[in-house]
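Structure first, commentary second.
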Amino acid sequence: MSHDGVGPRAVMRSVAFLTAGALAVPLLSGCGSADEAGKPLARQDIAPAARARVAEGGTLRWAVDTVPDTFNAFQSDADATTTRVAQAVLPSMYRLDATGRPQRDTDYLESAKVVDTEPRQVVLYKLNQQAVWSDGREIGAADFAAQWRALSGKESAYWTARNAGYDRIEKIERGANDLEVRVTFKRTYADWRSLFSPLYPKDVMGTPDAFNDAARRKLKVTAGPFVVKKVDRKKNQVRLTRNARWWGRTAKLSEIVLTAVPRKERASALAAGKIDLAEIDPAAAQRVDGAANGTAGPLAGPGSGRTAAEALRSWALAHGSDDDTAEDEVEARTKLRKAITKWEQQQKALRDFEVRRSLEPAYTQLALNGADGPLADERVRRAVARALDRRELAKVVLKPLGLPAEPVGSHLALAGQDAYADNSGALGGQDTAEAQALLADAGWVPGGPVKKKPEKGEKAAGSAGKKAGKDDDSADGDGTYVVGEDDKAPAATGREEKRQVTQGESARGSGEGGQQLAQEGKQYKQMHQGGAPGAYAPEGTAAPKGTAAPAGVAAKALAKDGKALTLRFVLPSGPGSEPLAAVAERITRMLAKVGIGTDITKVSDESYFKDHIASGQYDLALYSWPASAFPATDARPIYAKPVPAADGSLSVQQNYTRIGTDQVDQLFEQAVSTLDEDEQRSLIRKADSRIWAAAGSIPLYQRPQLTAVRKTVVNAGAFGFQTPVYEDMGFLKKGAKASASPSEK
């Protein structure tokens, strides 16, 4: 996933893929100095090399998730590959640097500044005089104006996914010459640097028909170091080649071929020499690491010291290597030998690759649905939050990968970004006694049922997951696994299943690892994005202090009005979701210690967001949001206070927790309407403090970014915050080493 104006912003402001009052503490002010932003927790890992050390020519074969349905980044079904292509072939006035902050792209923009504020804000863009479209026409005011009209929201004929920022523009004019563009705003707009990234030619934006259809399957006119040469949907490939009219530094690569490869098949594709670069999951990363040092990777236990072959043999035997389909022992052994040989050959081929590691500019959160049920009470939400040890949860995912295991302290920015500050103190850290006191104050007391089967006709959270079979030892007859009922661990069947962790019982542990949420990058037309922090903090008295249960001991079951305190915890079940399940298991154990039960339902990746998160069919859920360089604009719909729609339904934008306040909305409006950067930063931090206090979503950890790359490929890999520099990517010259800055000539 990319991380400039067409990366997280395209996800956050189009469509998702993926979730002050008396109880507020003194840190709610959110004020602080700019240096609170600190540095990114992890640097980008791209094997930087000076251009002089990069060979001329070559084809970089890059694995992606999809061949996109559209190349128009402003449509609702745009995805991560849409972003990749747009970055390589289209202008962006601003791109992100290594700290996640916007920087002017000098290939397109000589300067851009606010030249008037009264009576209206006016921004004057001075374009690079060499900047031209691939058809030879100069980039100019007509392109800016066409994009504004298409995205302003005034004409419903344009099928746009977002118009934030463009709806604040009053007019766009030619300046003193063809290289100047004057943009006048009808309302002050602090995030004006977010606009026109990417910029499409007027041929695409000029009419509704062109916008809706012309750029979906192809891009005829572009203006970047590469052009779209061919889209082959049968081979699942997009071929980018050098732009003959490019005026900047000539691209080192002759072409980039983006090939759609399922993540579970990427290790095999790398070993087969079909791709050179691919984002991978932690299991595949361990396999690549294991190939480099001759160990078994994920098949060997920590410190086992076994060779890859020994580990495979052990693994195969443990997993039924005698093969149920084999007619006799000889046939089974033959199949095992062939499997071992193939695996060893792949491991040998994987020695040509390495794993480059960083952290994505995105974080995983625990979302708490406050629309109804127990979590409609802020005290219960705060109790859930105070029960969590966020540092431990970060370690579950990041420590095994050798990445900094620091919990995220903000909903609106990540460490290193200008608006970042750790505002979690507005809610408070892990405190079992305080969590129990909050629950007691909300009326949840020890006693009552510890498990309760649904009444006849009562529906589970959302569309129920597939139940475990009656013959499965891990489940009772109704498909619900009650943790602590016996000594058996849940069977890893791979099926969708429903599990219940009742109050008074601790969830059993599971394996550790990192996770890339399957829904990230997937987008749905029904889910219009945007984000704004919202939080309810009703009037109330300070909660009485309770008595914490001893460490590691589950608290006695809680009940109220004859019902047990059990929360519906919905999780995706697709490939790569195991580490996310491990985080959920840790959370269930932490909640059990304060008397909160959980009912875990695993659903398909396809329905996770659409049928559960967006529709509100959950109590607890884990999903991710990308960080933005423009949180006042991009985060606003995520935290905006839900409002009744004309048909009586609740319009939540992208606030899937359904928790918001007028005060947070006002802070966002103030932040997006001031041109004083210090004031804006302070307002964003205040808004974040109030989001923390409401306990609607609890940021946990920054997501890992693992990329397997051929060792000879430089200036590419785990990009972190920074927008990839496509013209500098390439293969090392023979005898050269990757070490110097790629900016050196």
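Just so we're on the same page: first chain in the structure tokens is A, next is B, and so on; residues restart at 1 for each chain, and ligands are numbered from 1 in the order they show up.
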Contacts between region 355-374 of chain A and region 617-708 of chain A, please, where a residue of region 617-708 of chain A counts if it comes within 7 Å (with only C-alpha atoms); show its shortest atom pair and distance in Å to one decimal, rows by chain and ascending number, as a tab-separated table.
residue	atom	partner	partner_atom	distance
A:Tyr618	CA	A:Asn369	CA	6.6
A:Asp619	CA	A:Asn369	CA	5.0
A:Leu620	CA	A:Leu368	CA	5.0
A:Ala621	CA	A:Ala367	CA	5.2
A:Leu622	CA	A:Leu366	CA	4.9
A:Tyr623	CA	A:Thr364	CA	5.5
A:Ser624	CA	A:Thr364	CA	4.2
A:Trp625	CA	A:Ala362	CA	5.5
A:Pro626	CA	A:Ala362	CA	3.9
A:Ala627	CA	A:Ala362	CA	5.1
A:Thr657	CA	A:Asn369	CA	4.3
A:Arg658	CA	A:Ala371	CA	5.5
A:Ile659	CA	A:Gly370	CA	5.9
A:Gly696	CA	A:Leu368	CA	5.2
A:Ser697	CA	A:Ala367	CA	4.4
A:Ile698	CA	A:Leu366	CA	5.1
A:Pro699	CA	A:Gln365	CA	4.2
A:Leu700	CA	A:Gln365	CA	5.2
A:Tyr701	CA	A:Tyr363	CA	5.6
A:Gln702	CA	A:Tyr363	CA	4.2
A:Arg703	CA	A:Tyr363	CA	5.3
A:Pro704	CA	A:Leu359	CA	4.6
A:Gln705	CA	A:Leu359	CA	4.9
A:Leu706	CA	A:Arg357	CA	4.9
A:Thr707	CA	A:Arg356	CA	5.2
A:Ala708	CA	A:Val355	CA	4.5
- Message: When you look at region 558-568 of chain A with a cut-off of 6 Å (counting only C-alpha atoms), what residues show up, excluding the ones that are within fewer than 6 positions of it in the same chain? I need them as a list in words.
- Response: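 Counting only the stated atoms, we get Trp444, Val445, Pro446, Gly447, Gly448, Pro449, Gly595, Ile596, Gly597, Thr598, Asp599, Tyr618 and Asp619 of chain A.
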Keeping C-alpha atoms, export the residues of the selection given above as a PDB file, in the first residue's frame.
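File out01.pdb, as written:
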ATOM      1  CA  TRP A 444     -22.381  -5.062  36.569  1.00  0.00           C
ATOM      2  CA  VAL A 445     -21.929  -7.182  39.680  1.00  0.00           C
ATOM      3  CA  PRO A 446     -20.597 -10.678  40.425  1.00  0.00           C
ATOM      4  CA  GLY A 447     -23.124 -13.467  40.063  1.00  0.00           C
ATOM      5  CA  GLY A 448     -25.581 -14.640  37.458  1.00  0.00           C
ATOM      6  CA  PRO A 449     -25.131 -16.912  34.444  1.00  0.00           C
ATOM      7  CA  GLY A 595     -15.200 -10.346  34.553  1.00  0.00           C
ATOM      8  CA  ILE A 596     -16.006  -9.530  30.902  1.00  0.00           C
ATOM      9  CA  GLY A 597     -16.826 -12.510  28.698  1.00  0.00           C
ATOM     10  CA  THR A 598     -16.375 -12.656  24.945  1.00  0.00           C
ATOM     11  CA  ASP A 599     -18.212 -14.572  22.271  1.00  0.00           C
ATOM     12  CA  TYR A 618     -20.412  -6.566  16.417  1.00  0.00           C
ATOM     13  CA  ASP A 619     -19.408  -5.438  19.894  1.00  0.00           C
TER      14      ASP A 619
END
- Message: Residues within 6 Å of region 114-125 of chain A, please, as a PyMOL selection string. Count only C-alpha atoms; anything in the same chain fewer than 2 positions from it doesn't count.
- Response: chain A and resi 112+180-185+188
- Message: Would you compute the distance between CA of Ala405 (chain A) and CA of Ala693 (chain A)? Give it in Å to one decimal.
- Response: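 Computed distance, CA of Ala405 (chain A) to CA of Ala693 (chain A), equals 23.4 Å.
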- Query: Which residues in region 44-181 of chain A does DSSP call strand (DSSP E or B)? List them as a PyMOL selection string.
  - Reply: chain A and resi 45+54+59-64+94-96+102-104+109-116+122-127+132+138+169-174+180-181
- Task: Within 10 Å of Val725 (chain A), counting only C-alpha atoms, which residues show up once you throw out same-chain ones fewer than 4 positions away? Write them as a list in words, please.
- Result: Gln87, Ala88, Arg95, Pro225, Ala251, Asn715, Ala716, Phe719, Met729 and Pro742 of chain A
- Message: Residues near region 266-280 of chain A, anyone? I mean within 10 Å using only C-alpha atoms, not counting same-chain ones fewer than 2 positions away, as a PyMOL selection string.
- Response: chain A and resi 1+59-65+257-264+282-288+343+345-357+516+576+705-713+716-718
Mind the document's chain letters and residue numbers, and return as a PDB file with N, CA, C and O atoms, in the first residue's frame the residues of region 98-194 of chain A that DSSP labels helix (DSSP H, G or I).
ATOM      1  N   ALA A 141      -3.748  25.159 -15.775  1.00  0.00           N
ATOM      2  CA  ALA A 141      -4.940  25.509 -15.004  1.00  0.00           C
ATOM      3  C   ALA A 141      -6.170  24.731 -15.452  1.00  0.00           C
ATOM      4  O   ALA A 141      -7.043  24.412 -14.630  1.00  0.00           O
ATOM      5  N   ALA A 142      -6.248  24.394 -16.735  1.00  0.00           N
ATOM      6  CA  ALA A 142      -7.424  23.666 -17.229  1.00  0.00           C
ATOM      7  C   ALA A 142      -7.546  22.296 -16.569  1.00  0.00           C
ATOM      8  O   ALA A 142      -8.655  21.817 -16.301  1.00  0.00           O
ATOM      9  N   ASP A 143      -6.415  21.663 -16.288  1.00  0.00           N
ATOM     10  CA  ASP A 143      -6.441  20.357 -15.622  1.00  0.00           C
ATOM     11  C   ASP A 143      -6.871  20.501 -14.167  1.00  0.00           C
ATOM     12  O   ASP A 143      -7.661  19.697 -13.656  1.00  0.00           O
ATOM     13  N   PHE A 144      -6.353  21.531 -13.478  1.00  0.00           N
ATOM     14  CA  PHE A 144      -6.743  21.796 -12.099  1.00  0.00           C
ATOM     15  C   PHE A 144      -8.243  22.084 -12.011  1.00  0.00           C
ATOM     16  O   PHE A 144      -8.939  21.570 -11.131  1.00  0.00           O
ATOM     17  N   ALA A 145      -8.736  22.907 -12.930  1.00  0.00           N
ATOM     18  CA  ALA A 145     -10.146  23.294 -12.896  1.00  0.00           C
ATOM     19  C   ALA A 145     -11.056  22.103 -13.179  1.00  0.00           C
ATOM     20  O   ALA A 145     -12.109  21.939 -12.540  1.00  0.00           O
ATOM     21  N   ALA A 146     -10.668  21.261 -14.125  1.00  0.00           N
ATOM     22  CA  ALA A 146     -11.494  20.094 -14.451  1.00  0.00           C
ATOM     23  C   ALA A 146     -11.581  19.144 -13.258  1.00  0.00           C
ATOM     24  O   ALA A 146     -12.658  18.601 -12.958  1.00  0.00           O
ATOM     25  N   GLN A 147     -10.462  18.965 -12.563  1.00  0.00           N
ATOM     26  CA  GLN A 147     -10.484  18.074 -11.403  1.00  0.00           C
ATOM     27  C   GLN A 147     -11.334  18.662 -10.285  1.00  0.00           C
ATOM     28  O   GLN A 147     -12.074  17.934  -9.619  1.00  0.00           O
ATOM     29  N   TRP A 148     -11.239  19.959 -10.076  1.00  0.00           N
ATOM     30  CA  TRP A 148     -12.067  20.609  -9.047  1.00  0.00           C
ATOM     31  C   TRP A 148     -13.555  20.420  -9.356  1.00  0.00           C
ATOM     32  O   TRP A 148     -14.338  20.043  -8.479  1.00  0.00           O
ATOM     33  N   ARG A 149     -13.964  20.680 -10.597  1.00  0.00           N
ATOM     34  CA  ARG A 149     -15.384  20.561 -10.949  1.00  0.00           C
ATOM     35  C   ARG A 149     -15.879  19.125 -10.758  1.00  0.00           C
ATOM     36  O   ARG A 149     -16.995  18.892 -10.287  1.00  0.00           O
ATOM     37  N   ALA A 150     -15.044  18.168 -11.110  1.00  0.00           N
ATOM     38  CA  ALA A 150     -15.453  16.771 -10.992  1.00  0.00           C
ATOM     39  C   ALA A 150     -15.606  16.343  -9.534  1.00  0.00           C
ATOM     40  O   ALA A 150     -16.497  15.561  -9.197  1.00  0.00           O
ATOM     41  N   LEU A 151     -14.751  16.884  -8.664  1.00  0.00           N
ATOM     42  CA  LEU A 151     -14.711  16.425  -7.276  1.00  0.00           C
ATOM     43  C   LEU A 151     -15.370  17.379  -6.289  1.00  0.00           C
ATOM     44  O   LEU A 151     -15.355  17.130  -5.089  1.00  0.00           O
ATOM     45  N   TYR A 166     -12.015  19.785  -2.022  1.00  0.00           N
ATOM     46  CA  TYR A 166     -12.448  20.356  -3.301  1.00  0.00           C
ATOM     47  C   TYR A 166     -13.770  21.106  -3.144  1.00  0.00           C
ATOM     48  O   TYR A 166     -14.045  22.054  -3.889  1.00  0.00           O
ATOM     49  N   ASP A 167     -14.575  20.674  -2.160  1.00  0.00           N
ATOM     50  CA  ASP A 167     -15.853  21.355  -1.945  1.00  0.00           C
ATOM     51  C   ASP A 167     -15.685  22.719  -1.289  1.00  0.00           C
ATOM     52  O   ASP A 167     -16.644  23.485  -1.183  1.00  0.00           O
ATOM     53  N   ARG A 168     -14.474  23.063  -0.866  1.00  0.00           N
ATOM     54  CA  ARG A 168     -14.215  24.368  -0.249  1.00  0.00           C
ATOM     55  C   ARG A 168     -13.640  25.371  -1.256  1.00  0.00           C
ATOM     56  O   ARG A 168     -13.366  26.513  -0.903  1.00  0.00           O
ATOM     57  N   TRP A 192      -4.793  22.437   2.229  1.00  0.00           N
ATOM     58  CA  TRP A 192      -4.792  22.655   0.781  1.00  0.00           C
ATOM     59  C   TRP A 192      -3.699  21.855   0.077  1.00  0.00           C
ATOM     60  O   TRP A 192      -3.829  21.534  -1.108  1.00  0.00           O
ATOM     61  N   ARG A 193      -2.644  21.492   0.807  1.00  0.00           N
ATOM     62  CA  ARG A 193      -1.574  20.683   0.192  1.00  0.00           C
ATOM     63  C   ARG A 193      -2.039  19.272  -0.145  1.00  0.00           C
ATOM     64  O   ARG A 193      -1.362  18.550  -0.880  1.00  0.00           O
ATOM     65  N   SER A 194      -3.178  18.875   0.383  1.00  0.00           N
ATOM     66  CA  SER A 194      -3.690  17.540   0.095  1.00  0.00           C
ATOM     67  C   SER A 194      -4.321  17.434  -1.288  1.00  0.00           C
ATOM     68  O   SER A 194      -4.548  16.324  -1.787  1.00  0.00           O
TER      69      SER A 194
END
Taking a cut-off of 7 Å and counting only C-alpha atoms, can you build a table that, for each residue of region 190-261 of chain A near region 55-58 of chain A, reports the nearest atom pair and how far apart they are in Å (one decimal), sorted by chain then residue number, as CSV?
residue,atom,partner,partner_atom,distance
A:Lys252,CA,A:Glu56,CA,5.2
A:Leu253,CA,A:Gly57,CA,4.5
A:Ser254,CA,A:Gly57,CA,4.6
A:Glu255,CA,A:Gly58,CA,6.7
- Using only C-alpha atoms, pick whichever of A:Leu179, A:Glu155, A:Ile169, A:Ser604 has the shortest atom-to-atom distance to Gln130 (chain A).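 Closest to Gln130 (chain A), using only C-alpha atoms: A:Leu179.
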- Query: With only C-alpha atoms as the atoms that count, which of A:Ile691, A:Ala584, A:Ala80, A:Ala223 lies nearest to Asp107 (chain A)?
  - Reply: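 Of the candidates, the smallest distance to Asp107 (chain A) is held by A:Ala223.
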- Task: Determine, counting only C-alpha atoms, which protein, DNA and RNA residues have an atom within 10 Å of an atom of Asp191 (chain A); residues of the same chain fewer than 5 positions away are not included. Present the result as a ChimeraX atom specification.
- Result: /A:164-165,629-634,671-675
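The coordinates place CA of Asp418 (chain A) at 27.7 Å from CA of Val652 (chain A).
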- Message: So that I can see what lies close to Leu683 (chain A), please list as a ChimeraX atom specification the residues with an atom at most 8 Å from it, counting only C-alpha atoms and leaving out residues fewer than 4 positions away in the same chain.
- Response: /A:30,667-668,670-671,679,687
Any chance you could export the current selection's all heavy atoms as an mmCIF file, in the first residue's frame?
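The resulting file, again.cif, is reproduced below:
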data_model
loop_
_atom_site.group_PDB
_atom_site.id
_atom_site.type_symbol
_atom_site.label_atom_id
_atom_site.label_comp_id
_atom_site.auth_asym_id
_atom_site.auth_seq_id
_atom_site.Cartn_x
_atom_site.Cartn_y
_atom_site.Cartn_z
ATOM 1 N N GLY A 30 -4.574 18.045 25.647
ATOM 2 C CA GLY A 30 -3.878 17.637 24.435
ATOM 3 C C GLY A 30 -2.856 18.623 23.949
ATOM 4 O O GLY A 30 -2.374 18.521 22.830
ATOM 5 N N LEU A 667 -13.808 20.683 16.971
ATOM 6 C CA LEU A 667 -12.343 20.743 16.967
ATOM 7 C C LEU A 667 -11.783 20.430 15.580
ATOM 8 O O LEU A 667 -10.823 21.061 15.124
ATOM 9 C CB LEU A 667 -11.775 19.776 18.003
ATOM 10 C CG LEU A 667 -11.921 20.207 19.463
ATOM 11 C CD1 LEU A 667 -11.601 19.048 20.405
ATOM 12 C CD2 LEU A 667 -11.005 21.397 19.765
ATOM 13 N N PHE A 668 -12.389 19.479 14.893
ATOM 14 C CA PHE A 668 -11.940 19.177 13.536
ATOM 15 C C PHE A 668 -12.212 20.341 12.593
ATOM 16 O O PHE A 668 -11.378 20.672 11.746
ATOM 17 C CB PHE A 668 -12.620 17.908 13.031
ATOM 18 C CG PHE A 668 -11.854 16.659 13.357
ATOM 19 C CD1 PHE A 668 -12.158 15.925 14.478
ATOM 20 C CD2 PHE A 668 -10.819 16.229 12.541
ATOM 21 C CE1 PHE A 668 -11.455 14.781 14.793
ATOM 22 C CE2 PHE A 668 -10.104 15.089 12.849
ATOM 23 C CZ PHE A 668 -10.413 14.356 13.977
ATOM 24 N N GLN A 670 -12.424 23.477 13.371
ATOM 25 C CA GLN A 670 -11.466 24.538 13.688
ATOM 26 C C GLN A 670 -10.083 24.208 13.135
ATOM 27 O O GLN A 670 -9.387 25.075 12.616
ATOM 28 C CB GLN A 670 -11.396 24.730 15.202
ATOM 29 C CG GLN A 670 -12.660 25.299 15.831
ATOM 30 C CD GLN A 670 -12.640 25.218 17.346
ATOM 31 O OE1 GLN A 670 -11.581 25.114 17.964
ATOM 32 N NE2 GLN A 670 -13.819 25.239 17.966
ATOM 33 N N ALA A 671 -9.687 22.941 13.237
ATOM 34 C CA ALA A 671 -8.358 22.540 12.769
ATOM 35 C C ALA A 671 -8.221 22.666 11.268
ATOM 36 O O ALA A 671 -7.158 23.049 10.758
ATOM 37 C CB ALA A 671 -8.067 21.102 13.205
ATOM 38 N N GLU A 679 -1.401 26.088 15.756
ATOM 39 C CA GLU A 679 -2.761 26.013 16.273
ATOM 40 C C GLU A 679 -3.450 24.750 15.766
ATOM 41 O O GLU A 679 -4.158 24.065 16.520
ATOM 42 C CB GLU A 679 -3.557 27.248 15.857
ATOM 43 C CG GLU A 679 -4.987 27.249 16.392
ATOM 44 C CD GLU A 679 -5.790 28.451 15.922
ATOM 45 O OE1 GLU A 679 -5.270 29.236 15.108
ATOM 46 O OE2 GLU A 679 -6.945 28.582 16.368
ATOM 47 N N ALA A 687 -8.467 17.078 19.960
ATOM 48 C CA ALA A 687 -9.496 16.168 19.451
ATOM 49 C C ALA A 687 -9.133 14.721 19.769
ATOM 50 O O ALA A 687 -9.983 13.923 20.195
ATOM 51 C CB ALA A 687 -9.667 16.361 17.944
#
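Closest approach to Gln722 (chain A) from the set A:Arg589, A:Arg53, A:Arg101, A:Lys395 is made by A:Arg101, with distances taken over only C-alpha atoms.
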